[in-house]
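Student: Here you go, this is upload29.cif (mmCIF, C-alpha atoms).
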```cif
data_data
#
loop_
_atom_site.group_PDB
_atom_site.id
_atom_site.type_symbol
_atom_site.label_atom_id
_atom_site.label_comp_id
_atom_site.auth_asym_id
_atom_site.auth_seq_id
_atom_site.Cartn_x
_atom_site.Cartn_y
_atom_site.Cartn_z
ATOM 1 C CA MET A 1 -24.475 -12.356 -19.384
ATOM 2 C CA ASP A 2 -25.593 -8.754 -19.693
ATOM 3 C CA ALA A 3 -22.422 -6.996 -20.875
ATOM 4 C CA LYS A 4 -23.914 -3.568 -20.155
ATOM 5 C CA LYS A 5 -24.105 -4.338 -16.431
ATOM 6 C CA SER A 6 -20.478 -5.416 -16.328
ATOM 7 C CA ILE A 7 -19.358 -2.438 -18.411
ATOM 8 C CA ALA A 8 -21.103 -0.067 -15.997
ATOM 9 C CA LEU A 9 -19.302 -1.637 -13.025
ATOM 10 C CA LEU A 10 -15.981 -1.644 -14.838
ATOM 11 C CA ASN A 11 -16.410 2.050 -15.675
ATOM 12 C CA LYS A 12 -17.120 2.783 -11.995
ATOM 13 C CA GLY A 13 -13.802 1.107 -11.304
ATOM 14 C CA VAL A 14 -12.102 3.260 -13.948
ATOM 15 C CA ALA A 15 -13.504 6.412 -12.305
ATOM 16 C CA ASP A 16 -12.312 5.333 -8.860
ATOM 17 C CA GLU A 17 -8.858 4.408 -10.114
ATOM 18 C CA LEU A 18 -8.465 7.661 -12.048
ATOM 19 C CA GLN A 19 -9.504 9.537 -8.924
ATOM 20 C CA ALA A 20 -6.836 7.702 -6.956
ATOM 21 C CA VAL A 21 -4.178 8.469 -9.582
ATOM 22 C CA HIS A 22 -4.970 12.187 -9.483
ATOM 23 C CA GLN A 23 -5.190 12.313 -5.690
ATOM 24 C CA TYR A 24 -2.040 10.273 -5.081
ATOM 25 C CA MET A 25 0.026 12.304 -7.526
ATOM 26 C CA TYR A 26 -1.211 15.511 -5.856
ATOM 27 C CA TRP A 27 -0.048 14.103 -2.526
ATOM 28 C CA HIS A 28 3.211 12.919 -4.061
ATOM 29 C CA PHE A 29 3.992 16.479 -5.209
ATOM 30 C CA HIS A 30 3.159 18.024 -1.834
ATOM 31 C CA LEU A 31 4.932 15.420 0.283
ATOM 32 C CA ASP A 32 8.028 15.707 -1.890
ATOM 33 C CA ASP A 33 7.914 19.497 -1.596
ATOM 34 C CA GLN A 34 7.743 19.145 2.213
ATOM 35 C CA GLY A 35 10.827 16.919 2.188
ATOM 36 C CA PHE A 36 9.065 13.628 2.916
ATOM 37 C CA ALA A 37 10.751 11.701 0.102
ATOM 38 C CA PRO A 38 9.920 8.139 1.266
ATOM 39 C CA LEU A 39 6.201 8.935 1.652
ATOM 40 C CA ALA A 40 6.182 10.891 -1.602
ATOM 41 C CA MET A 41 7.763 7.980 -3.476
ATOM 42 C CA MET A 42 5.276 5.534 -1.964
ATOM 43 C CA PHE A 43 2.384 7.622 -3.303
ATOM 44 C CA LYS A 44 4.002 7.902 -6.719
ATOM 45 C CA LYS A 45 4.514 4.131 -6.952
ATOM 46 C CA ILE A 46 0.955 3.414 -5.873
ATOM 47 C CA ALA A 47 -0.379 5.974 -8.372
ATOM 48 C CA ILE A 48 1.479 4.123 -11.112
ATOM 49 C CA GLU A 49 -0.081 0.843 -9.934
ATOM 50 C CA GLU A 50 -3.487 2.498 -10.041
ATOM 51 C CA MET A 51 -2.782 3.499 -13.671
ATOM 52 C CA GLY A 52 -2.217 -0.176 -14.358
ATOM 53 C CA HIS A 53 -5.619 -0.894 -12.825
ATOM 54 C CA VAL A 54 -7.209 1.613 -15.193
ATOM 55 C CA GLU A 55 -5.583 -0.163 -18.110
ATOM 56 C CA ARG A 56 -6.791 -3.601 -16.991
ATOM 57 C CA LEU A 57 -10.325 -2.314 -16.481
ATOM 58 C CA ALA A 58 -10.269 -0.533 -19.852
ATOM 59 C CA ASP A 59 -9.053 -3.678 -21.621
ATOM 60 C CA ARG A 60 -11.986 -5.622 -20.179
ATOM 61 C CA ILE A 61 -14.478 -2.894 -21.133
ATOM 62 C CA LEU A 62 -13.189 -2.879 -24.692
ATOM 63 C CA PHE A 63 -13.322 -6.685 -24.842
ATOM 64 C CA LEU A 64 -16.987 -6.444 -23.880
ATOM 65 C CA LYS A 65 -17.450 -3.910 -26.726
ATOM 66 C CA GLY A 66 -18.043 -1.005 -24.369
ATOM 67 C CA ASP A 67 -16.691 2.527 -24.216
ATOM 68 C CA VAL A 68 -14.189 3.501 -21.545
ATOM 69 C CA LYS A 69 -15.420 6.545 -19.625
ATOM 70 C CA MET A 70 -12.334 8.525 -18.627
ATOM 71 C CA GLU A 71 -14.029 10.409 -15.803
ATOM 72 C CA THR A 72 -12.868 10.664 -12.210
ATOM 73 C CA ALA A 73 -15.084 9.894 -9.253
ATOM 74 C CA GLY A 74 -14.591 13.411 -7.872
ATOM 75 C CA PRO A 75 -12.221 16.342 -7.415
ATOM 76 C CA VAL A 76 -8.784 16.175 -5.818
ATOM 77 C CA GLU A 77 -8.956 17.018 -2.118
ATOM 78 C CA PRO A 78 -6.364 19.645 -1.119
ATOM 79 C CA ILE A 79 -5.007 17.817 1.936
ATOM 80 C CA THR A 80 -1.309 18.513 2.530
ATOM 81 C CA GLU A 81 -0.553 17.352 6.093
ATOM 82 C CA ALA A 82 1.174 13.952 6.003
ATOM 83 C CA GLN A 83 -0.882 12.226 8.698
ATOM 84 C CA LYS A 84 -4.197 13.476 7.262
ATOM 85 C CA ILE A 85 -3.093 12.342 3.802
ATOM 86 C CA LEU A 86 -2.433 8.836 5.093
ATOM 87 C CA VAL A 87 -5.783 8.664 6.886
ATOM 88 C CA LYS A 88 -7.619 9.723 3.720
ATOM 89 C CA ALA A 89 -5.603 7.359 1.521
ATOM 90 C CA ALA A 90 -6.265 4.402 3.828
ATOM 91 C CA GLY A 91 -9.979 5.213 3.722
ATOM 92 C CA MET A 92 -9.921 5.401 -0.073
ATOM 93 C CA GLU A 93 -8.297 1.966 -0.309
ATOM 94 C CA GLN A 94 -10.758 0.441 2.179
ATOM 95 C CA ALA A 95 -13.687 1.833 0.211
ATOM 96 C CA GLY A 96 -12.176 0.585 -3.048
ATOM 97 C CA GLY A 97 -11.776 -2.932 -1.679
ATOM 98 C CA ARG A 98 -15.323 -2.919 -0.347
ATOM 99 C CA ASP A 99 -16.707 -1.671 -3.683
ATOM 100 C CA TYR A 100 -14.679 -4.151 -5.737
ATOM 101 C CA ASN A 101 -15.869 -7.037 -3.549
ATOM 102 C CA GLN A 102 -19.435 -5.950 -4.249
ATOM 103 C CA PHE A 103 -18.727 -5.539 -7.976
ATOM 104 C CA ALA A 104 -17.237 -9.064 -8.054
ATOM 105 C CA LEU A 105 -20.412 -10.452 -6.497
ATOM 106 C CA GLU A 106 -22.567 -8.579 -9.012
ATOM 107 C CA CYS A 107 -20.458 -9.867 -11.911
ATOM 108 C CA SER A 108 -20.816 -13.391 -10.558
ATOM 109 C CA LYS A 109 -24.607 -13.014 -10.503
ATOM 110 C CA ASN A 110 -24.332 -11.696 -14.063
ATOM 111 C CA ALA A 111 -22.394 -14.820 -15.170
ATOM 112 C CA ASP A 112 -19.283 -12.750 -15.988
ATOM 113 C CA SER A 113 -16.484 -14.670 -14.294
ATOM 114 C CA ALA A 114 -13.655 -12.796 -16.076
ATOM 115 C CA SER A 115 -14.816 -9.422 -14.731
ATOM 116 C CA LYS A 116 -15.409 -11.047 -11.331
ATOM 117 C CA GLN A 117 -11.819 -12.308 -11.281
ATOM 118 C CA LEU A 118 -10.513 -8.896 -12.312
ATOM 119 C CA PHE A 119 -12.333 -7.213 -9.432
ATOM 120 C CA GLU A 120 -11.102 -9.888 -7.014
ATOM 121 C CA ALA A 121 -7.515 -9.234 -8.124
ATOM 122 C CA LEU A 122 -8.054 -5.509 -7.588
ATOM 123 C CA VAL A 123 -9.331 -6.201 -4.062
ATOM 124 C CA ASN A 124 -5.969 -7.793 -3.264
ATOM 125 C CA ASP A 125 -4.120 -4.717 -4.509
ATOM 126 C CA GLU A 126 -6.405 -2.329 -2.614
ATOM 127 C CA GLU A 127 -5.838 -4.298 0.588
ATOM 128 C CA ARG A 128 -2.070 -4.216 0.048
ATOM 129 C CA HIS A 129 -2.194 -0.446 -0.496
ATOM 130 C CA PHE A 130 -4.331 -0.033 2.626
ATOM 131 C CA ASP A 131 -1.753 -2.027 4.576
ATOM 132 C CA GLN A 132 1.059 0.254 3.362
ATOM 133 C CA PHE A 133 -0.811 3.380 4.467
ATOM 134 C CA ASP A 134 -1.890 1.783 7.744
ATOM 135 C CA LYS A 135 1.709 0.836 8.584
ATOM 136 C CA GLN A 136 2.812 4.438 8.018
ATOM 137 C CA LEU A 137 0.043 5.653 10.331
ATOM 138 C CA ASP A 138 1.110 3.102 12.949
ATOM 139 C CA ASN A 139 4.696 4.355 12.705
ATOM 140 C CA ILE A 140 3.568 7.943 13.213
ATOM 141 C CA LYS A 141 1.564 6.867 16.285
ATOM 142 C CA ARG A 142 4.441 4.800 17.633
ATOM 143 C CA PHE A 143 7.296 7.251 17.000
ATOM 144 C CA GLY A 144 5.413 10.551 16.914
ATOM 145 C CA PRO A 145 6.602 13.579 14.947
ATOM 146 C CA ASN A 146 10.140 12.137 14.970
ATOM 147 C CA TYR A 147 9.096 9.580 12.357
ATOM 148 C CA LEU A 148 8.244 12.281 9.813
ATOM 149 C CA ALA A 149 11.145 14.479 10.883
ATOM 150 C CA LEU A 150 13.609 11.698 10.102
ATOM 151 C CA GLN A 151 12.177 11.394 6.586
ATOM 152 C CA SER A 152 12.611 15.115 6.094
ATOM 153 C CA PHE A 153 16.144 15.058 7.480
ATOM 154 C CA ASN A 154 17.188 12.176 5.234
ATOM 155 C CA LYS A 155 15.766 13.954 2.191
ATOM 156 C CA GLY A 156 17.785 17.051 2.969
ATOM 157 C CA ALA A 157 20.989 15.035 3.343
ATOM 158 C CA THR A 158 20.638 13.443 -0.086
ATOM 159 C CA ASP A 159 19.742 16.707 -1.833
ATOM 160 C CA ALA A 160 22.582 18.767 -0.409
ATOM 161 C CA GLU A 161 24.798 20.607 -2.849
ATOM 162 C CA PRO A 162 28.403 19.401 -2.908
ATOM 163 C CA ALA A 163 30.624 21.573 -0.789
ATOM 164 C CA ALA A 164 32.634 24.179 -2.683
ATOM 165 C CA GLU A 165 36.363 23.591 -2.556
#
```
As C-alpha cells, how would this structure be written, given the file I've shared?
Tutor:
Amino acid sequence: MDAKKSIALLNKGVADELQAVHQYMYWHFHLDDQGFAPLAMMFKKIAIEEMGHVERLADRILFLKGDVKMETAGPVEPITEAQKILVKAAGMEQAGGRDYNQFALECSKNADSASKQLFEALVNDEERHFDQFDKQLDNIKRFGPNYLALQSFNKGATDAEPAAE
C-alpha cells in the first residue's frame, strides 16, 4: 500500500466535509433568521454529522502517519432562498457520494481496505443526506409555497412572547 495516495484522498474528503460544514451552517443561520426552523435545524444536524466525518477522516490520516490538511474545498456560496439552498445541498451530497465511491475504488486498488471501508460508509451518509434534501424539494413541489409558509408560521408560534397580564 502507498499510504501517500490514501492520505491524499482522505485529505480531499476532509476538504469536502469542511466545505459542507461551513456551507450548511451558513444556511442554518439564514434559514433560522427567515423563520424556517425545521429546515434550519436539519442543516445544523447534518453539519454536525459532517464534522464527525472530518474526525473519522482525520483519524485515518493520522493512523497512516499523514498530516490533516484543514482546508475547505471552496468558499461559502451566499445562497439564501430555501428552495435554491436545497437544490445546491442535494447536488453537494450527490457529488460527495460520487467522489467517495471513486475514492473507495482507488483505495481498493491501493490495497487499503480500511480507507476503502471508510469511504463506503461515507457514501451511505451522503446518500441519506441527499434523500433528506430531495424529500424537502419534493414537498415544496407538491405543496408549493404553503409548505415553507407553514414552517415559518410554526416558528413564529413557538417564539411568541408570553402575553402580558
Student: Restricting the calculation to all atoms listed in the file, which member of A:Asn11, A:Val68, A:Phe133, A:Met51 is positioned closest to A:Phe119?
Tutor: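 Using all atoms listed in the file, the shortest distance to A:Phe119 belongs to A:Asn11.
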Student: Hey, which of A:Gly35, A:Gly144, A:Pro78, A:Gly13 ends up closest to A:Leu57? Count all atoms listed in the file.
Tutor: A:Gly13
Student: Report, in Å to a single decimal, how far apart atom CA of A:Leu64 and atom CA of A:Ala8 are.
Tutor: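 About the pair atom CA of A:Ala8 and atom CA of A:Leu64: they are 10.9 Å apart.
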Student: For atom CA of A:Tyr26 and atom CA of A:Gly91, determine how far apart the two atoms are, in Å to one decimal place.
Tutor: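 Spanning atom CA of A:Tyr26 to atom CA of A:Gly91 is a straight-line distance of 16.6 Å.
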Student: Just say which residues the PyMOL selection byres ((chain A and resi 94) around 10) picks in this file, as a PDB file with C-alpha atoms, keeping the file's coordinate frame.
Tutor:
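result-v3.pdb, freshly written:
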```
ATOM      1  CA  LYS A  88      -7.619   9.723   3.720  1.00  0.00           C
ATOM      2  CA  ALA A  89      -5.603   7.359   1.521  1.00  0.00           C
ATOM      3  CA  ALA A  90      -6.265   4.402   3.828  1.00  0.00           C
ATOM      4  CA  GLY A  91      -9.979   5.213   3.722  1.00  0.00           C
ATOM      5  CA  MET A  92      -9.921   5.401  -0.073  1.00  0.00           C
ATOM      6  CA  GLU A  93      -8.297   1.966  -0.309  1.00  0.00           C
ATOM      7  CA  ALA A  95     -13.687   1.833   0.211  1.00  0.00           C
ATOM      8  CA  GLY A  96     -12.176   0.585  -3.048  1.00  0.00           C
ATOM      9  CA  GLY A  97     -11.776  -2.932  -1.679  1.00  0.00           C
ATOM     10  CA  ARG A  98     -15.323  -2.919  -0.347  1.00  0.00           C
ATOM     11  CA  ASP A  99     -16.707  -1.671  -3.683  1.00  0.00           C
ATOM     12  CA  TYR A 100     -14.679  -4.151  -5.737  1.00  0.00           C
ATOM     13  CA  VAL A 123      -9.331  -6.201  -4.062  1.00  0.00           C
ATOM     14  CA  GLU A 126      -6.405  -2.329  -2.614  1.00  0.00           C
ATOM     15  CA  GLU A 127      -5.838  -4.298   0.588  1.00  0.00           C
ATOM     16  CA  HIS A 129      -2.194  -0.446  -0.496  1.00  0.00           C
ATOM     17  CA  PHE A 130      -4.331  -0.033   2.626  1.00  0.00           C
ATOM     18  CA  ASP A 131      -1.753  -2.027   4.576  1.00  0.00           C
TER      19      ASP A 131
END
```
Student: For atom CA of A:Lys65 and atom CA of A:Ala3, quote the distance in Å rounded to one decimal.
Tutor: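 About the pair atom CA of A:Lys65 and atom CA of A:Ala3: they are 8.3 Å apart.
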Student: Applied to this file, what does the PyMOL selection byres ((chain A and resi 118) around 12) return in terms of residues, put as an MDAnalysis selection string?
Tutor: chainID A and resid 6 9:10 13 53:61 100:101 103:105 107:108 112:117 119:125
Student: Hey, can I get the axis-aligned box for stretch 14-29 of chain A? All listed atoms, 5 Å padding on each side, centre and edge lengths in Å to one decimal, as JSON.
Tutor:
```
{"center_x": -4.8, "center_y": 9.9, "center_z": -8.2, "size_x": 27.5, "size_y": 23.2, "size_z": 21.4}
```
Student: Could you build a table of the residues in stretch 77-154 of chain A lying no more than 9 Å from stretch 31-34 of chain A, giving for each the nearest pair of atoms and their separation in Å rounded to one decimal place, using only C-alpha atoms, ordered by chain and ascending residue number, as CSV?
Tutor:
```
residue,atom,partner,partner_atom,distance
A:Thr80,CA,A:Leu31,CA,7.3
A:Glu81,CA,A:Leu31,CA,8.2
A:Ala82,CA,A:Leu31,CA,7.0
A:Ser152,CA,A:Gln34,CA,7.4
```
